[in-house]
$ cat entry_16.csv   # CSV, C-alpha atoms
chain,number,residue,atom,x,y,z
A,236,MET,CA,-22.0,-23.6,-12.4
A,237,LYS,CA,-18.8,-22.5,-14.2
A,238,ASP,CA,-15.5,-24.1,-13.1
A,239,GLY,CA,-12.7,-21.9,-11.8
A,240,PRO,CA,-12.1,-19.3,-9.0
A,241,ASP,CA,-15.2,-18.0,-7.3
A,242,ILE,CA,-14.8,-14.2,-7.7
A,243,ALA,CA,-18.4,-13.7,-6.6
A,244,ARG,CA,-17.6,-14.7,-3.1
A,245,ILE,CA,-14.6,-12.3,-2.8
A,246,ALA,CA,-16.7,-9.5,-4.4
A,247,ALA,CA,-19.5,-10.1,-1.9
A,248,LEU,CA,-17.0,-9.9,1.0
A,249,ILE,CA,-15.6,-6.6,-0.2
A,250,GLY,CA,-19.0,-5.3,-1.3
A,251,ASP,CA,-20.5,-4.8,2.2
A,252,PRO,CA,-20.0,-1.1,3.1
A,253,ALA,CA,-18.8,-1.9,6.7
A,254,ARG,CA,-16.3,-4.5,5.5
A,255,ALA,CA,-15.1,-2.3,2.7
A,256,ASN,CA,-14.4,0.6,5.1
A,257,MET,CA,-12.5,-1.8,7.4
A,258,LEU,CA,-10.4,-3.1,4.5
A,259,VAL,CA,-9.5,0.4,3.3
A,260,GLU,CA,-8.5,1.3,6.8
A,261,LEU,CA,-6.1,-1.6,6.9
A,262,MET,CA,-4.5,-0.3,3.7
A,263,ALA,CA,-2.4,1.9,6.0
A,264,GLY,CA,-0.5,-1.2,6.9
A,265,LYS,CA,-1.3,-1.1,10.7
A,266,ALA,CA,-2.8,-4.1,12.5
A,267,LEU,CA,-6.0,-2.9,14.3
A,268,THR,CA,-8.3,-4.4,16.9
A,269,ALA,CA,-12.0,-5.3,16.3
A,270,GLY,CA,-13.0,-2.3,18.4
A,271,GLU,CA,-10.9,0.1,16.2
A,272,LEU,CA,-12.3,-1.4,13.1
A,273,ALA,CA,-15.9,-1.3,14.5
A,274,ARG,CA,-15.6,2.5,14.7
A,275,VAL,CA,-14.3,2.7,11.1
A,276,GLY,CA,-17.1,0.5,9.9
A,277,GLY,CA,-19.8,2.3,11.9
A,278,VAL,CA,-21.0,-0.9,13.5
A,279,THR,CA,-21.0,-2.4,17.0
A,280,GLN,CA,-17.9,-4.5,18.1
A,281,GLN,CA,-20.0,-7.7,18.0
A,282,THR,CA,-21.0,-7.0,14.4
A,283,ALA,CA,-17.5,-6.0,13.5
A,284,SER,CA,-16.2,-9.4,14.9
A,285,SER,CA,-18.8,-11.2,12.7
A,286,HIS,CA,-17.6,-9.2,9.6
A,287,LEU,CA,-13.9,-9.9,10.5
A,288,ASN,CA,-14.5,-13.6,10.9
A,289,LYS,CA,-15.9,-13.6,7.3
A,290,LEU,CA,-12.9,-11.7,6.0
A,291,VAL,CA,-10.5,-14.1,7.8
A,292,ASP,CA,-12.4,-17.1,6.4
A,293,GLY,CA,-12.2,-15.5,2.9
A,294,HIS,CA,-8.4,-15.1,3.3
A,295,LEU,CA,-8.6,-11.3,2.9
A,296,VAL,CA,-7.6,-10.6,6.5
A,297,GLN,CA,-5.3,-12.4,9.0
A,298,VAL,CA,-5.4,-12.5,12.8
A,299,LEU,CA,-2.4,-11.6,14.8
A,300,LYS,CA,-2.6,-12.7,18.5
A,301,GLN,CA,-0.6,-10.9,21.2
A,302,GLY,CA,-1.5,-12.2,24.7
A,303,ARG,CA,-5.2,-11.9,25.1
A,304,HIS,CA,-5.6,-9.3,22.3
A,305,LYS,CA,-6.3,-9.9,18.7
A,306,TYR,CA,-5.2,-7.6,15.9
A,307,PHE,CA,-6.3,-7.8,12.3
A,308,SER,CA,-4.3,-6.9,9.1
A,309,LEU,CA,-4.6,-7.5,5.4
A,310,ALA,CA,-3.7,-11.1,4.5
A,311,SER,CA,-1.2,-10.3,1.7
A,312,ASP,CA,0.1,-7.9,-0.8
A,313,ASP,CA,-2.3,-9.4,-3.3
A,314,VAL,CA,-5.2,-8.3,-1.3
A,315,ALA,CA,-3.8,-4.8,-1.0
A,316,SER,CA,-3.2,-4.7,-4.8
A,317,VAL,CA,-6.9,-5.7,-5.5
A,318,LEU,CA,-8.2,-3.0,-3.2
A,319,GLU,CA,-5.9,-0.3,-4.7
A,320,THR,CA,-7.2,-1.3,-8.2
A,321,LEU,CA,-10.8,-1.2,-7.0
A,322,MET,CA,-10.2,2.3,-5.6
A,323,GLY,CA,-8.9,3.3,-9.0
A,324,VAL,CA,-12.1,2.0,-10.7
A,325,ALA,CA,-14.3,3.8,-8.1
A,326,ALA,CA,-12.3,7.1,-8.6
A,327,LYS,CA,-12.5,6.9,-12.4
A,328,SER,CA,-16.3,6.3,-12.1
A,329,GLY,CA,-16.7,9.3,-9.8
A,330,HIS,CA,-17.7,7.3,-6.8
A,331,TYR,CA,-16.3,9.0,-3.7
A,332,ARG,CA,-17.3,8.5,-0.1
A,333,THR,CA,-16.6,12.1,0.9
A,334,ARG,CA,-16.1,15.4,-0.9
A,335,THR,CA,-12.6,16.2,-1.9
A,336,GLY,CA,-10.5,18.6,0.2
A,337,PRO,CA,-7.0,19.3,1.6
A,338,ARG,CA,-6.7,15.7,2.9
A,339,ASP,CA,-7.6,14.4,-0.6
A,340,ALA,CA,-4.8,16.5,-2.1
A,341,ALA,CA,-2.3,15.2,0.4
A,342,MET,CA,-3.4,11.6,-0.3
A,343,ARG,CA,-3.0,12.1,-4.0
A,344,LYS,CA,0.5,13.4,-3.6
A,345,ALA,CA,1.9,10.7,-1.3
A,346,ARG,CA,0.2,7.9,0.8
A,347,VAL,CA,0.8,4.5,2.1
A,348,CYS,CA,-0.5,1.6,0.0
A,349,TYR,CA,-0.4,-1.2,2.6
A,350,ASN,CA,3.4,-1.1,3.0
A,351,HIS,CA,4.8,1.0,0.1
A,352,LEU,CA,4.7,4.5,-1.3
A,353,ALA,CA,1.8,5.4,-3.6
A,354,GLY,CA,0.4,8.6,-5.1
A,355,ASP,CA,2.2,11.1,-7.3
A,356,MET,CA,5.5,10.5,-5.4
A,357,GLY,CA,5.1,6.8,-5.8
A,358,THR,CA,4.7,7.0,-9.6
A,359,ARG,CA,7.5,9.5,-9.9
A,360,LEU,CA,9.8,7.1,-8.1
A,361,TYR,CA,8.8,4.2,-10.4
A,362,ASP,CA,9.1,6.3,-13.5
A,363,GLY,CA,12.5,7.7,-12.4
A,364,MET,CA,13.9,4.2,-11.8
A,365,MET,CA,12.5,3.0,-15.2
A,366,ARG,CA,13.9,6.0,-17.1
A,367,THR,CA,17.4,5.8,-15.6
A,368,GLY,CA,17.7,2.0,-16.1
A,369,LYS,CA,17.4,1.0,-12.5
A,370,LEU,CA,14.2,-1.0,-13.2
A,371,ARG,CA,13.3,-2.9,-16.3
A,372,THR,CA,10.1,-4.5,-17.5
A,373,THR,CA,9.9,-8.3,-17.9
A,374,THR,CA,7.1,-10.7,-18.6
A,375,ASP,CA,6.9,-11.4,-14.8
A,376,GLY,CA,6.8,-7.7,-14.0
A,377,PRO,CA,9.4,-5.1,-13.1
A,378,GLU,CA,12.9,-6.2,-11.8
A,379,LEU,CA,16.0,-4.4,-10.6
A,380,THR,CA,18.9,-4.1,-13.0
A,381,ASP,CA,22.5,-4.3,-11.7
A,382,HIS,CA,22.5,-0.5,-11.7
A,383,GLY,CA,19.3,-0.5,-9.6
A,384,ALA,CA,20.6,-3.2,-7.2
A,385,ALA,CA,23.7,-1.2,-6.6
A,386,MET,CA,21.7,1.9,-5.9
A,387,MET,CA,19.5,0.0,-3.4
A,388,THR,CA,22.6,-1.2,-1.6
A,389,GLU,CA,24.0,2.4,-1.5
A,390,PHE,CA,20.6,3.6,-0.2
A,391,GLY,CA,20.9,1.2,2.7
A,392,ILE,CA,18.7,-1.7,1.6
A,393,ASP,CA,19.9,-5.3,2.2
A,394,LEU,CA,18.8,-7.0,-1.0
A,395,ASP,CA,20.2,-10.4,0.0
A,396,ALA,CA,18.0,-10.4,3.1
A,397,LEU,CA,15.0,-9.5,1.0
A,398,ALA,CA,15.7,-12.2,-1.5
A,399,ARG,CA,15.6,-14.8,1.2
A,400,LYS,CA,11.9,-14.0,1.9
A,401,ARG,CA,9.0,-15.5,-0.1
A,402,ALA,CA,7.7,-12.1,-1.3
A,403,PRO,CA,8.7,-11.0,-4.8
A,404,LEU,CA,11.3,-8.2,-4.8
A,405,CYS,CA,9.5,-6.0,-7.2
A,406,ARG,CA,5.8,-5.7,-8.3
A,407,ASP,CA,3.7,-3.3,-10.2
A,408,CYS,CA,0.7,-1.9,-8.3
A,409,LEU,CA,-1.8,0.2,-10.2
A,410,ASP,CA,-2.1,3.6,-8.4
A,411,TRP,CA,-5.8,4.6,-7.9
A,412,SER,CA,-5.2,8.3,-8.1
A,413,GLU,CA,-2.5,8.4,-10.8
A,414,ARG,CA,-3.8,5.4,-12.8
A,415,ARG,CA,-0.3,4.3,-13.5
A,416,ALA,CA,2.1,1.9,-11.8
A,417,HIS,CA,4.0,2.4,-8.6
A,418,LEU,CA,6.5,0.1,-7.0
A,419,ALA,CA,5.3,-2.6,-4.6
A,420,GLY,CA,7.0,-5.9,-3.4
A,421,SER,CA,9.6,-6.2,-0.8
A,422,VAL,CA,11.8,-3.5,-2.4
A,423,GLY,CA,8.9,-1.1,-2.4
A,424,ARG,CA,8.3,-1.8,1.3
A,425,ALA,CA,12.0,-1.4,2.1
A,426,ILE,CA,12.2,1.9,0.3
A,427,LEU,CA,9.3,3.4,2.3
A,428,THR,CA,10.8,2.1,5.5
A,429,ARG,CA,14.2,3.6,4.7
A,430,MET,CA,12.7,7.0,3.8
A,431,GLU,CA,11.0,7.0,7.2
A,432,GLU,CA,14.3,6.1,8.9
A,433,LEU,CA,15.9,9.0,7.1
A,434,ASN,CA,13.1,11.4,8.3
A,435,TRP,CA,12.3,12.3,4.7
A,436,LEU,CA,8.6,12.0,5.4
A,437,ARG,CA,6.1,11.6,8.2
A,438,ARG,CA,2.7,9.8,8.5
A,439,VAL,CA,-0.4,11.9,9.0
A,440,PRO,CA,-2.4,10.6,12.1
A,441,GLN,CA,-5.7,8.9,11.3
A,442,SER,CA,-4.9,8.9,7.6
A,443,ARG,CA,-2.9,7.1,4.9
A,444,ALA,CA,-1.4,10.4,3.8
A,445,LEU,CA,2.4,10.9,3.9
A,446,ILE,CA,4.0,14.4,4.2
A,447,PHE,CA,7.5,14.9,2.8
A,448,THR,CA,9.7,17.5,4.4
A,449,PRO,CA,11.3,20.0,1.9
A,450,MET,CA,14.7,18.4,2.5
A,451,GLY,CA,13.2,15.0,2.2
A,452,GLU,CA,11.6,15.8,-1.1
A,453,GLN,CA,14.8,17.2,-2.5
A,454,ALA,CA,16.7,14.1,-1.4
A,455,PHE,CA,14.0,11.9,-2.9
A,456,CYS,CA,14.2,13.5,-6.3
A,457,ALA,CA,18.1,13.4,-6.2
A,458,THR,CA,18.2,9.7,-5.1
A,459,PHE,CA,15.6,8.3,-7.5
A,460,GLU,CA,16.2,10.9,-10.2
A,461,ALA,CA,12.5,11.6,-10.1
A,462,ASP,CA,11.0,14.5,-12.1
A,463,PRO,CA,10.8,17.4,-9.6
A,464,THR,CA,7.8,18.8,-11.4
$ encode --input "entry_16.csv" --output "structure tokens"
Amino acid sequence: MKDGPDIARIAALIGDPARANMLVELMAGKALTAGELARVGGVTQQTASSHLNKLVDGHLVQVLKQGRHKYFSLASDDVASVLETLMGVAAKSGHYRTRTGPRDAAMRKARVCYNHLAGDMGTRLYDGMMRTGKLRTTTDGPELTDHGAAMMTEFGIDLDALARKRAPLCRDCLDWSERRAHLAGSVGRAILTRMEELNWLRRVPQSRALIFTPMGEQAFCATFEADPT
């Protein structure tokens, strides 16, 4: 047996169709019960609990207890990044679970990727910040410039509070539909939260899709100097 990380175990955990469906559902960033995930996975609640125990043991999912209830969420940004990348590989290979339609178009334009903005709007944000010198590329990934940090503060994001957390401020995340990077990390999470607070967009029920209002899209393009096309 070769030394090193056991990727086969992680691949086997993700590879089961029921577990894969549960993990993709958790990409919306919400914590869900075993019953809710059972419906997504198309299995009984008892079977779902067995699947979830395996995902917890594999550190792909974490348990959040509230009173007598248990809720499940993705264990980390790293897990979400792996899932987003796998979805990109599947899309490039032509492997889709359903036929494309209006919801697919909405998902490709803007969606939640665990806790940050993805899709066309996500890559436009990233590209706009890179083009205008608010982000720069380093060997450790993207980082805010002084210009970018000032813009974040003006936008209403407390960078000092974010810096005190363990999560990196900025990370690349490969977008499955655009096949280019969008912005993850605590800054990516804070930007999405702030846009929701400003009512620039709304979440589509039972979906990861996000819908920008006309005013919100105009403000988005102006704030992040994103290409309006």
$ atom_distance --input "entry_16.csv" --atom1 "CA of Glu378 (chain A)" --atom2 "CA of Lys400 (chain A)"
15.8 Å
$ closest_residue --input "entry_16.csv" --among "A:Thr380, A:Gln453, A:Thr374, A:Ser421" --to "Met356 (chain A)" --atoms "only C-alpha atoms"
A:Gln453
$ closest_residue --input "entry_16.csv" --among "A:Leu404, A:Val296, A:Ala247, A:Leu394" --to "Ala269 (chain A)" --atoms "all atoms listed in the file"
A:Val296
$ closest_residue --input "entry_16.csv" --among "A:His294, A:Asn434, A:Asp462, A:Ala315" --to "Met450 (chain A)" --atoms "only C-alpha atoms"
A:Asn434
$ atom_distance --input "entry_16.csv" --atom1 "CA of Val347 (chain A)" --atom2 "CA of Leu309 (chain A)"
13.6 Å
$ closest_residue --input "entry_16.csv" --among "A:Thr358, A:Thr448, A:Thr428, A:Thr372" --to "Arg343 (chain A)" --atoms "all atoms listed in the file"
A:Thr358
$ residues_around --input "entry_16.csv" --residues "Thr268 (chain A)" --least-positions-apart "6" --cutoff "8 Å" --atoms "only C-alpha atoms" --output "JSON, numbers by chain"
{"A": [304, 305, 306, 307]}
$ closest_residue --input "entry_16.csv" --among "A:Ala325, A:Leu267, A:Ile245, A:Met430" --to "Asp292 (chain A)" --atoms "only C-alpha atoms"
A:Ile245
$ closest_residue --input "entry_16.csv" --among "A:Met386, A:Cys348, A:Leu272, A:Ala444" --to "Trp411 (chain A)" --atoms "all atoms listed in the file"
A:Cys348
$ atom_distance --input "entry_16.csv" --atom1 "CA of Pro377 (chain A)" --atom2 "CA of Met365 (chain A)"
8.9 Å
$ residues_around --input "entry_16.csv" --residues "region 281-284 of chain A" --least-positions-apart "3" --cutoff "8 Å" --atoms "all atoms listed in the file" --output "list of chain:residue names"
A:Ala269, A:Gly270, A:Leu272, A:Ala273, A:Gly276, A:Val278, A:Leu287, A:Asn288
$ write_last_selection --input "entry_16.csv" --atoms "C-alpha atoms" --output "mmCIF file, keeping the file's coordinate frame"
data_model
loop_
_atom_site.group_PDB
_atom_site.id
_atom_site.type_symbol
_atom_site.label_atom_id
_atom_site.label_comp_id
_atom_site.auth_asym_id
_atom_site.auth_seq_id
_atom_site.Cartn_x
_atom_site.Cartn_y
_atom_site.Cartn_z
ATOM 1 C CA ALA A 269 -12.000 -5.300 16.300
ATOM 2 C CA GLY A 270 -13.000 -2.300 18.400
ATOM 3 C CA LEU A 272 -12.300 -1.400 13.100
ATOM 4 C CA ALA A 273 -15.900 -1.300 14.500
ATOM 5 C CA GLY A 276 -17.100 0.500 9.900
ATOM 6 C CA VAL A 278 -21.000 -0.900 13.500
ATOM 7 C CA LEU A 287 -13.900 -9.900 10.500
ATOM 8 C CA ASN A 288 -14.500 -13.600 10.900
#
$ residues_around --input "entry_16.csv" --residues "Asp362 (chain A)" --least-positions-apart "2" --cutoff "12 Å" --atoms "all atoms listed in the file" --output "list of chain:residue names"
A:Asp355, A:Met356, A:Gly357, A:Thr358, A:Arg359, A:Leu360, A:Met364, A:Met365, A:Arg366, A:Thr367, A:Gly368, A:Lys369, A:Leu370, A:Arg371, A:Thr372, A:Pro377, A:Asp407, A:Arg415, A:Ala416, A:His417, A:Leu418, A:Cys456, A:Phe459, A:Glu460, A:Ala461, A:Asp462, A:Pro463
